[in-house]
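One structure is given below, encoded as structure tokens.
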Amino acid sequence: LGSWGLEINSIIQVKHIVNMTPVPSGTSTVNKIKPRTDCKRILVTGGAGFVGSHLCDYLVARGDYVLCMDNFFTGSKENIEHLIGRPNFELIRHDVTEPIRLEVDHVYHLACPASPVHYKWNPIKTAKTSFMGTMNMLGLTKRCKGRFLLTSTSEVYGDPLQHPQKEEYWGNVNPIGERSCYDEGKRIAETLTMDYYREHGMEVRIVRIFNTYGPRMALDDGRVVSNFVAQALQGRPLTVYGNGQQTRSFQYISDLIVGMVAVMEGDEIGPFNVGNPNEFTMLELANLVKEVVNPSAMIEFRDNTSDDPNKRKPDISKINKSLGWEPKVVLRDGLAHMVKDFKRRLQVE
């Protein structure tokens with residue numbers, strides 16, 4: 001190679017010397033710049049579901065870059081089709097029980113069937129989603145050095161012996177019942193979330209969602225508000241299980257979204273109850289739906305389902321004191337918004 005060979009050999013020797021030179025303590029030779037820092041990159045798992053799609057709406061409208069992930073087991077493309085094509089929205093078809101690598105700042109982990117008729121259909125998959133899905137999303141968030149919010153549920157309280165339920169209450173849950181795949185699944189998801197916080201110092205948040213209703217609820221999800229509204233619109237009897245004296249508290253979807261975002265962006269881990277403390281018996285709810293939707297609808301009583309809690313009412317003093325959150329929408333007004341959406345989808349006048 002002649003003179004070229006000598007020159008190449010000299011370059012190699014110089015590179016070796018440079019690479020072996022120690023870097024003085026306290027200095028850095030690498031400039032670190034995070035790309036695209038003009039807005040947060042936010043992952044919403046279960047983003048095509050009832051709650052997830054409303055959360056995506058809120059975040060996209062605010063200007064965040066939203067990655068909506070869903071396997072469409074209970075989610076629907078119809079819920080997010082109006083967002084497709086927006087420059088700050090991306091749809092990913094993926095099951096959270098399988099790992100995935102993404103770059104995100106915040107993760108809202110909603111993915112899991114939440115209706116009894118859906119989570120009982122494949123209880124093993126429901127439990128797997130709560131455990132493996134949560135672990136995968138916690139791992140993703142840890143790698144990204146991001147912040148993780150788990151959407152847990154009032155079902156962690158089971159059939160409560162404390163009323164109303166405070167976050168300090170440990171619950172009264174049947175670990176081997178038909179609902180256990182969901183109830184215990186969410187309890188282990190909370191355990192994993194707190195273990196990642198204690199073991200790895202991750203930023204985590206936990207919300208416990210109480211009964212929520214509004215547009216985009218699945219027509220076949222078997223939950224009481226959607227059941228009553230659909231039955232009243234179609235002129236069918238409103239089915240009340242048991243004697244109708246079981247109580248629930250119902251929050252409108254927009255109140256929930258504001259509460260979830262407040263918890264994610266607040267300084268406290270939680271858990272926080274997010275719900276409306278106004279309590280109704282099932283019979284009171286049925287009569288209100290009749291009044292708002294179809295006064296001529298009949299009420300039909302049936303045998304109660306297994307492990308159905310007798311009472312459910314959130315104590316929201318913790319989130320109210322810490323973050324100033326409280327629900328704004330009363331049930332009668334929320335039902336009116338929901339009826340418009342159900343009329344369109346059921347194609348009834």
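The chains in the structure tokens are called A, B, ... from first to last as shown; in each chain the residues are counted from 1, and the ligands are counted from 1 in the order shown.
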How close does each residue of region 233-306 of chain A get to region 204-225 of chain A, giving the shortest atom pair and distance in Å to one decimal for every residue with an atom at most 7 Å away, counting only C-alpha atoms, sorted by chain and residue number, as JSON lines?
```
{"residue": "A:Ser249", "atom": "CA", "partner": "A:Asn211", "partner_atom": "CA", "distance": 6.2}
{"residue": "A:Phe250", "atom": "CA", "partner": "A:Asn211", "partner_atom": "CA", "distance": 5.1}
{"residue": "A:Gln251", "atom": "CA", "partner": "A:Thr212", "partner_atom": "CA", "distance": 4.8}
{"residue": "A:Tyr252", "atom": "CA", "partner": "A:Tyr213", "partner_atom": "CA", "distance": 5.3}
{"residue": "A:Ile253", "atom": "CA", "partner": "A:Gly214", "partner_atom": "CA", "distance": 5.5}
{"residue": "A:Met260", "atom": "CA", "partner": "A:Val207", "partner_atom": "CA", "distance": 7.0}
{"residue": "A:Val263", "atom": "CA", "partner": "A:Arg205", "partner_atom": "CA", "distance": 6.8}
{"residue": "A:Met264", "atom": "CA", "partner": "A:Arg205", "partner_atom": "CA", "distance": 6.2}
{"residue": "A:Ile269", "atom": "CA", "partner": "A:Arg205", "partner_atom": "CA", "distance": 4.4}
{"residue": "A:Gly270", "atom": "CA", "partner": "A:Ile206", "partner_atom": "CA", "distance": 5.4}
{"residue": "A:Pro271", "atom": "CA", "partner": "A:Ile206", "partner_atom": "CA", "distance": 4.6}
{"residue": "A:Phe272", "atom": "CA", "partner": "A:Val207", "partner_atom": "CA", "distance": 4.8}
{"residue": "A:Asn273", "atom": "CA", "partner": "A:Arg208", "partner_atom": "CA", "distance": 4.8}
{"residue": "A:Val274", "atom": "CA", "partner": "A:Ile209", "partner_atom": "CA", "distance": 5.1}
{"residue": "A:Gly275", "atom": "CA", "partner": "A:Phe210", "partner_atom": "CA", "distance": 4.9}
```
Would you put the residues from that selection into a file with C-alpha atoms, as a PDB file, in the first residue's frame?
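Writing done, so here's out17.pdb:
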```
ATOM      1  CA  SER A 249     -73.081   5.583  42.522  1.00  0.00           C
ATOM      2  CA  PHE A 250     -72.847   6.761  38.912  1.00  0.00           C
ATOM      3  CA  GLN A 251     -70.382   9.270  37.495  1.00  0.00           C
ATOM      4  CA  TYR A 252     -70.507  10.743  33.998  1.00  0.00           C
ATOM      5  CA  ILE A 253     -67.564   9.995  31.728  1.00  0.00           C
ATOM      6  CA  MET A 260     -57.799  10.707  35.953  1.00  0.00           C
ATOM      7  CA  VAL A 263     -54.209  12.306  39.382  1.00  0.00           C
ATOM      8  CA  MET A 264     -51.658  11.613  36.630  1.00  0.00           C
ATOM      9  CA  ILE A 269     -49.446   8.212  44.151  1.00  0.00           C
ATOM     10  CA  GLY A 270     -52.883   7.451  45.534  1.00  0.00           C
ATOM     11  CA  PRO A 271     -54.813   5.261  45.350  1.00  0.00           C
ATOM     12  CA  PHE A 272     -57.635   7.719  44.723  1.00  0.00           C
ATOM     13  CA  ASN A 273     -61.329   6.891  44.525  1.00  0.00           C
ATOM     14  CA  VAL A 274     -62.781   8.549  41.417  1.00  0.00           C
ATOM     15  CA  GLY A 275     -66.556   8.415  41.431  1.00  0.00           C
TER      16      GLY A 275
END
```
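By chain and then residue number, the residues within 8 Å of Asn172 (chain A) are A:Tyr157, A:Gly158, A:Asp159, A:Pro160, A:Leu161, counting only C-alpha atoms and disregarding those fewer than 4 positions away in sequence.
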Take the residues that were just selected and, keeping all heavy atoms, output them as a compact mmCIF listing (two decimals), in the first residue's frame.
```txt
# COMPACT_ATOMS: atom_id res chain seq x y z
N TYR A 157 -62.82 -3.49 46.38
CA TYR A 157 -63.47 -3.49 47.68
C TYR A 157 -64.44 -4.66 47.84
O TYR A 157 -64.93 -4.92 48.94
CB TYR A 157 -64.22 -2.18 47.91
CG TYR A 157 -63.35 -0.95 47.87
CD1 TYR A 157 -63.63 0.11 47.00
CD2 TYR A 157 -62.25 -0.82 48.71
CE1 TYR A 157 -62.84 1.24 46.96
CE2 TYR A 157 -61.44 0.31 48.67
CZ TYR A 157 -61.74 1.35 47.80
OH TYR A 157 -60.95 2.47 47.76
N GLY A 158 -64.72 -5.37 46.73
CA GLY A 158 -65.61 -6.51 46.79
C GLY A 158 -67.01 -6.12 47.24
O GLY A 158 -67.57 -5.11 46.80
N ASP A 159 -67.59 -6.96 48.10
CA ASP A 159 -68.89 -6.65 48.72
C ASP A 159 -68.56 -5.98 50.06
O ASP A 159 -68.38 -6.64 51.07
CB ASP A 159 -69.68 -7.93 48.94
CG ASP A 159 -71.13 -7.66 49.35
OD1 ASP A 159 -71.52 -6.47 49.42
OD2 ASP A 159 -71.86 -8.63 49.63
N PRO A 160 -68.47 -4.65 50.07
CA PRO A 160 -67.80 -3.97 51.19
C PRO A 160 -68.58 -4.03 52.50
O PRO A 160 -69.80 -3.95 52.53
CB PRO A 160 -67.69 -2.53 50.68
CG PRO A 160 -68.79 -2.38 49.68
CD PRO A 160 -68.93 -3.73 49.03
N LEU A 161 -67.81 -4.14 53.57
CA LEU A 161 -68.36 -4.07 54.92
C LEU A 161 -68.26 -2.65 55.47
O LEU A 161 -68.79 -2.36 56.54
CB LEU A 161 -67.62 -5.04 55.84
CG LEU A 161 -67.62 -6.51 55.40
CD1 LEU A 161 -66.80 -7.36 56.35
CD2 LEU A 161 -69.04 -7.04 55.27
```
Legend entry - Near-Gly63 (chain A) list (12 Å; only C-alpha atoms; drop same-chain fewer than 2 positions) as a PyMOL selection string: chain A and resi 38-42+56-61+65-66+86-89
How about saving the chosen residues, C-alpha atoms kept, as a short mmCIF file (atom, residue, chain, number, x, y, z; two decimals), in the first residue's frame?
```cif
data_model
loop_
_atom_site.label_atom_id
_atom_site.label_comp_id
_atom_site.auth_asym_id
_atom_site.auth_seq_id
_atom_site.Cartn_x
_atom_site.Cartn_y
_atom_site.Cartn_z
CA ASP A 38 -42.64 20.04 22.01
CA CYS A 39 -45.40 17.85 23.53
CA LYS A 40 -45.80 14.79 25.70
CA ARG A 41 -45.98 11.36 24.09
CA ILE A 42 -48.77 9.56 25.92
CA CYS A 56 -57.80 10.00 23.89
CA ASP A 57 -60.23 12.77 22.85
CA TYR A 58 -59.21 14.87 25.84
CA LEU A 59 -55.46 14.42 25.36
CA VAL A 60 -55.50 14.94 21.58
CA ALA A 61 -57.57 18.11 21.98
CA TYR A 65 -49.15 13.17 21.02
CA VAL A 66 -51.36 10.17 21.77
CA ARG A 86 -55.00 13.71 13.23
CA PRO A 87 -51.28 14.60 13.28
CA ASN A 88 -50.98 13.91 17.03
CA PHE A 89 -52.83 10.58 17.10
#
```
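You can rank A:Phe50, A:Phe148, A:Phe228, A:Trp121 by their closest distance to Ser76 (chain A) using only C-alpha atoms, and at the top of that list sits A:Phe50.
Neighbouring residues of Ser130 (chain A) at 7 Å or closer, counting only C-alpha atoms and skipping chain neighbours under 3 positions away, are Cys112, Thr126, Ala127, Gly133, Thr134, Gly185, Lys186 and Ala189 of chain A.
Distances to His54 (chain A) were evaluated for A:Met135, A:Leu256, A:Leu150, A:Ile124 using only C-alpha atoms, and the minimum falls at A:Leu256.
One distance worth recording is that between CA of Val292 (chain A) and CA of Val229 (chain A), which is 9.3 Å.
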Legend entry - Picked from region 89-143 of chain A by DSSP as strand (DSSP E), as a PyMOL selection string: chain A and resi 89-93+106-109
For those residues, write all heavy atoms to a file as a PDB file, in the first residue's frame.
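Saved file result.pdb follows:
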```pdb
ATOM      1  N   PHE A  89     -52.170  11.817  16.671  1.00  0.00           N
ATOM      2  CA  PHE A  89     -52.833  10.585  17.103  1.00  0.00           C
ATOM      3  C   PHE A  89     -52.309   9.413  16.298  1.00  0.00           C
ATOM      4  O   PHE A  89     -52.153   9.487  15.077  1.00  0.00           O
ATOM      5  CB  PHE A  89     -54.348  10.694  16.918  1.00  0.00           C
ATOM      6  CG  PHE A  89     -55.093   9.449  17.325  1.00  0.00           C
ATOM      7  CD1 PHE A  89     -55.363   9.184  18.656  1.00  0.00           C
ATOM      8  CD2 PHE A  89     -55.516   8.529  16.364  1.00  0.00           C
ATOM      9  CE1 PHE A  89     -56.047   8.041  19.037  1.00  0.00           C
ATOM     10  CE2 PHE A  89     -56.195   7.375  16.730  1.00  0.00           C
ATOM     11  CZ  PHE A  89     -56.467   7.130  18.075  1.00  0.00           C
ATOM     12  N   GLU A  90     -52.041   8.315  16.997  1.00  0.00           N
ATOM     13  CA  GLU A  90     -51.520   7.103  16.350  1.00  0.00           C
ATOM     14  C   GLU A  90     -52.241   5.891  16.944  1.00  0.00           C
ATOM     15  O   GLU A  90     -52.392   5.795  18.161  1.00  0.00           O
ATOM     16  CB  GLU A  90     -50.022   7.013  16.612  1.00  0.00           C
ATOM     17  CG  GLU A  90     -49.310   5.878  15.905  1.00  0.00           C
ATOM     18  CD  GLU A  90     -47.802   5.935  16.122  1.00  0.00           C
ATOM     19  OE1 GLU A  90     -47.283   7.019  16.454  1.00  0.00           O
ATOM     20  OE2 GLU A  90     -47.164   4.882  15.976  1.00  0.00           O
ATOM     21  N   LEU A  91     -52.693   4.982  16.099  1.00  0.00           N
ATOM     22  CA  LEU A  91     -53.405   3.784  16.536  1.00  0.00           C
ATOM     23  C   LEU A  91     -52.506   2.567  16.382  1.00  0.00           C
ATOM     24  O   LEU A  91     -51.910   2.349  15.334  1.00  0.00           O
ATOM     25  CB  LEU A  91     -54.681   3.593  15.713  1.00  0.00           C
ATOM     26  CG  LEU A  91     -55.506   2.334  16.001  1.00  0.00           C
ATOM     27  CD1 LEU A  91     -55.993   2.321  17.450  1.00  0.00           C
ATOM     28  CD2 LEU A  91     -56.684   2.227  15.034  1.00  0.00           C
ATOM     29  N   ILE A  92     -52.409   1.778  17.466  1.00  0.00           N
ATOM     30  CA  ILE A  92     -51.582   0.569  17.467  1.00  0.00           C
ATOM     31  C   ILE A  92     -52.452  -0.605  17.879  1.00  0.00           C
ATOM     32  O   ILE A  92     -53.019  -0.610  18.976  1.00  0.00           O
ATOM     33  CB  ILE A  92     -50.405   0.689  18.455  1.00  0.00           C
ATOM     34  CG1 ILE A  92     -49.552   1.917  18.143  1.00  0.00           C
ATOM     35  CG2 ILE A  92     -49.563  -0.583  18.456  1.00  0.00           C
ATOM     36  CD1 ILE A  92     -48.532   2.237  19.222  1.00  0.00           C
ATOM     37  N   ARG A  93     -52.562  -1.605  16.998  1.00  0.00           N
ATOM     38  CA  ARG A  93     -53.298  -2.826  17.363  1.00  0.00           C
ATOM     39  C   ARG A  93     -52.326  -3.781  18.039  1.00  0.00           C
ATOM     40  O   ARG A  93     -51.400  -4.301  17.403  1.00  0.00           O
ATOM     41  CB  ARG A  93     -53.918  -3.471  16.128  1.00  0.00           C
ATOM     42  CG  ARG A  93     -54.746  -4.707  16.493  1.00  0.00           C
ATOM     43  CD  ARG A  93     -55.620  -5.182  15.364  1.00  0.00           C
ATOM     44  NE  ARG A  93     -56.611  -6.143  15.835  1.00  0.00           N
ATOM     45  CZ  ARG A  93     -57.799  -6.317  15.295  1.00  0.00           C
ATOM     46  NH1 ARG A  93     -58.161  -5.575  14.262  1.00  0.00           N
ATOM     47  NH2 ARG A  93     -58.635  -7.211  15.785  1.00  0.00           N
ATOM     48  N   HIS A 106     -45.769   9.352  29.346  1.00  0.00           N
ATOM     49  CA  HIS A 106     -46.789   8.916  30.290  1.00  0.00           C
ATOM     50  C   HIS A 106     -47.509   7.694  29.732  1.00  0.00           C
ATOM     51  O   HIS A 106     -47.703   7.588  28.517  1.00  0.00           O
ATOM     52  CB  HIS A 106     -47.828  10.021  30.540  1.00  0.00           C
ATOM     53  CG  HIS A 106     -47.334  11.155  31.376  1.00  0.00           C
ATOM     54  ND1 HIS A 106     -48.099  12.274  31.646  1.00  0.00           N
ATOM     55  CD2 HIS A 106     -46.151  11.352  32.019  1.00  0.00           C
ATOM     56  CE1 HIS A 106     -47.416  13.107  32.410  1.00  0.00           C
ATOM     57  NE2 HIS A 106     -46.230  12.574  32.640  1.00  0.00           N
ATOM     58  N   VAL A 107     -47.936   6.810  30.629  1.00  0.00           N
ATOM     59  CA  VAL A 107     -48.733   5.652  30.240  1.00  0.00           C
ATOM     60  C   VAL A 107     -49.997   5.624  31.102  1.00  0.00           C
ATOM     61  O   VAL A 107     -49.917   5.554  32.328  1.00  0.00           O
ATOM     62  CB  VAL A 107     -47.971   4.328  30.422  1.00  0.00           C
ATOM     63  CG1 VAL A 107     -48.896   3.131  30.150  1.00  0.00           C
ATOM     64  CG2 VAL A 107     -46.756   4.277  29.507  1.00  0.00           C
ATOM     65  N   TYR A 108     -51.151   5.712  30.446  1.00  0.00           N
ATOM     66  CA  TYR A 108     -52.426   5.465  31.098  1.00  0.00           C
ATOM     67  C   TYR A 108     -52.807   4.018  30.788  1.00  0.00           C
ATOM     68  O   TYR A 108     -53.118   3.695  29.638  1.00  0.00           O
ATOM     69  CB  TYR A 108     -53.524   6.395  30.566  1.00  0.00           C
ATOM     70  CG  TYR A 108     -53.439   7.838  31.006  1.00  0.00           C
ATOM     71  CD1 TYR A 108     -52.652   8.751  30.320  1.00  0.00           C
ATOM     72  CD2 TYR A 108     -54.178   8.298  32.089  1.00  0.00           C
ATOM     73  CE1 TYR A 108     -52.600  10.091  30.700  1.00  0.00           C
ATOM     74  CE2 TYR A 108     -54.138   9.628  32.488  1.00  0.00           C
ATOM     75  CZ  TYR A 108     -53.345  10.518  31.782  1.00  0.00           C
ATOM     76  OH  TYR A 108     -53.301  11.838  32.167  1.00  0.00           O
ATOM     77  N   HIS A 109     -52.780   3.165  31.800  1.00  0.00           N
ATOM     78  CA  HIS A 109     -53.016   1.736  31.567  1.00  0.00           C
ATOM     79  C   HIS A 109     -54.464   1.387  31.897  1.00  0.00           C
ATOM     80  O   HIS A 109     -54.827   1.200  33.056  1.00  0.00           O
ATOM     81  CB  HIS A 109     -52.051   0.905  32.414  1.00  0.00           C
ATOM     82  CG  HIS A 109     -52.195  -0.567  32.218  1.00  0.00           C
ATOM     83  ND1 HIS A 109     -52.383  -1.153  30.982  1.00  0.00           N
ATOM     84  CD2 HIS A 109     -52.195  -1.598  33.121  1.00  0.00           C
ATOM     85  CE1 HIS A 109     -52.488  -2.470  31.127  1.00  0.00           C
ATOM     86  NE2 HIS A 109     -52.385  -2.750  32.408  1.00  0.00           N
TER      87      HIS A 109
END
```
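Picture a line from CA of Glu155 (chain A) to CA of Asp255 (chain A); it runs 19.3 Å.
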Inset, instruction - Would you please give, as an MDAnalysis selection string, all residues of region 37-207 of chain A that DSSP assigns to helix (DSSP H, G or I) based on the backbone? - result: chainID A and resid 50:62 77:83 116:119 123:144 154:157 180:200
Legend entry - Selection: 10 Å around Arg101 (chain A), only C-alpha atoms, excl. self and same-chain fewer than 5 positions, as a ChimeraX atom specification: /A:136-137,139-141,143-144
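Rounded to one decimal, CA of Leu192 (chain A) and CA of Gly49 (chain A) lie 23.2 Å from each other.
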Legend entry - Who sits within 8 Å of Gly47 (chain A), only C-alpha atoms, same chain under 5 positions skipped, as a ChimeraX atom specification: /A:52-53,55-56,68-70,75,110-111
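In this comparison, which uses only C-alpha atoms, the residue of A:Thr305, A:Asn320, A:Ser226, A:Asn278 approaching Leu335 (chain A) most closely is A:Ser226.
Each of A:Arg187, A:His94, A:Arg312, A:His118 was checked against Thr45 (chain A) using only C-alpha atoms; the smallest atom-to-atom distance is that of A:His94.
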Inset, instruction - Write out as a PyMOL selection string the residues lying within 8 Å of Thr239 (chain A), counting only C-alpha atoms and excluding same-chain residues fewer than 2 positions away. - result: chain A and resi 227-228+237+241+299-302
